[in-house]
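Structure, as structure tokens:
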Amino acid sequence: MKAARLATLKFFALLFLLVGLAGLITSAAISTHYLEVMPRLPEPDALRVVPRSIHGVTVYQTAHEDRVLSIWEFSSVGVFLVGLVVSGVYLEKWGSMQVPWGEEEEGKLAENLR
């Protein structure tokens, strides 16, 4: 594999990992915010009847809030996993480009015998 393609693979691996990690951090911040501001009992007048357990505490939110946070969490995990897979491919390709262990010593040994 050429060095340019390897660099591109490394770029995308880091990109997916960092974007996925940023999404996970953001969803954790949203969950913590929900824990602070959402009611602990259902409020049918405000349509806050969908339960969500956050750190063992049940809060009630609207169906839209539940859907947005769930999509945010699942997509962040998905992007992070794609980053892990691309990182694994990058490490495999990078490792195959390295000098195999022992070849370098054999070359030096042959030079020393001359």
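Residues are named by chain letter and number: chains run A, B, ... in the order of the structure tokens, numbers start at 1 in each chain, and ligands are numbered from 1 in the order shown.
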
Quiz prompt | chain A: residues DSSP assigns to strand (DSSP E or B), reported as a PyMOL selection string | solution = chain A and resi 43+48+50-54+57-61

Residues from the last selection, N, CA and C atoms, saved as a PDB file, in the first residue's frame:
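Saved file selection.pdb follows:
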```pdb
ATOM      1  N   GLU A  43     -45.639  14.205  33.558  1.00  0.00           N
ATOM      2  CA  GLU A  43     -46.447  15.421  33.418  1.00  0.00           C
ATOM      3  C   GLU A  43     -47.238  15.319  32.122  1.00  0.00           C
ATOM      4  N   ARG A  48     -44.780  14.982  28.903  1.00  0.00           N
ATOM      5  CA  ARG A  48     -43.564  14.344  29.430  1.00  0.00           C
ATOM      6  C   ARG A  48     -43.982  13.045  30.131  1.00  0.00           C
ATOM      7  N   VAL A  50     -42.663   9.843  28.683  1.00  0.00           N
ATOM      8  CA  VAL A  50     -41.737   8.786  28.250  1.00  0.00           C
ATOM      9  C   VAL A  50     -40.620   8.690  29.286  1.00  0.00           C
ATOM     10  N   PRO A  51     -40.508   7.546  29.975  1.00  0.00           N
ATOM     11  CA  PRO A  51     -39.482   7.437  31.014  1.00  0.00           C
ATOM     12  C   PRO A  51     -38.098   7.165  30.434  1.00  0.00           C
ATOM     13  N   ARG A  52     -37.085   7.679  31.107  1.00  0.00           N
ATOM     14  CA  ARG A  52     -35.685   7.398  30.775  1.00  0.00           C
ATOM     15  C   ARG A  52     -34.931   7.295  32.090  1.00  0.00           C
ATOM     16  N   SER A  53     -34.207   6.203  32.220  1.00  0.00           N
ATOM     17  CA  SER A  53     -33.395   6.014  33.414  1.00  0.00           C
ATOM     18  C   SER A  53     -31.994   6.572  33.164  1.00  0.00           C
ATOM     19  N   ILE A  54     -31.603   7.531  33.982  1.00  0.00           N
ATOM     20  CA  ILE A  54     -30.279   8.149  33.880  1.00  0.00           C
ATOM     21  C   ILE A  54     -29.614   8.010  35.239  1.00  0.00           C
ATOM     22  N   VAL A  57     -31.868   7.053  38.059  1.00  0.00           N
ATOM     23  CA  VAL A  57     -32.974   7.961  38.362  1.00  0.00           C
ATOM     24  C   VAL A  57     -33.863   8.022  37.127  1.00  0.00           C
ATOM     25  N   THR A  58     -35.152   7.854  37.320  1.00  0.00           N
ATOM     26  CA  THR A  58     -36.091   7.913  36.206  1.00  0.00           C
ATOM     27  C   THR A  58     -36.601   9.341  36.044  1.00  0.00           C
ATOM     28  N   VAL A  59     -36.427   9.851  34.832  1.00  0.00           N
ATOM     29  CA  VAL A  59     -36.973  11.166  34.485  1.00  0.00           C
ATOM     30  C   VAL A  59     -37.948  10.951  33.333  1.00  0.00           C
ATOM     31  N   TYR A  60     -38.835  11.907  33.163  1.00  0.00           N
ATOM     32  CA  TYR A  60     -39.854  11.799  32.123  1.00  0.00           C
ATOM     33  C   TYR A  60     -39.649  12.897  31.095  1.00  0.00           C
ATOM     34  N   GLN A  61     -39.696  12.491  29.821  1.00  0.00           N
ATOM     35  CA  GLN A  61     -39.443  13.403  28.720  1.00  0.00           C
ATOM     36  C   GLN A  61     -40.492  13.217  27.650  1.00  0.00           C
TER      37      GLN A  61
END
```

Practice problem: Write out as a list in words each polymer residue whose atoms come within 12 Å of Ala29 in chain A, counting only C-alpha atoms; drop sequence neighbours fewer than 6 positions from it. | Solution: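 Everything that qualifies: Ala22, Gly23, Leu35, Glu36, Ile54, Leu69, Trp72 and Glu73 of chain A.
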
Exercise. Report as JSON, numbers by chain: the residues of chain A with a DSSP assignment of helix (DSSP H, G or I), based on the backbone of this structure.
Key: {"A": [3, 4, 5, 6, 7, 8, 9, 10, 11, 12, 13, 14, 15, 16, 17, 18, 19, 20, 21, 22, 23, 24, 25, 26, 27, 28, 29, 30, 31, 32, 33, 34, 35, 36, 37, 44, 45, 46, 63, 64, 65, 66, 67, 68, 69, 70, 71, 72, 73, 74, 75, 76, 77, 78, 79, 80, 81, 82, 83, 84, 85, 86, 87, 88, 89, 90, 91, 92, 93, 94, 95, 96, 97, 103, 104, 105, 106, 107, 108, 109, 110, 111, 112, 113]}

Quiz item: Can you tell me how far CA of Lys93 in chain A sits from CA of Gly20 in chain A, in Å to one decimal?
Solution: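 One can read the CA of Lys93 in chain A to CA of Gly20 in chain A distance as 22.6 Å.
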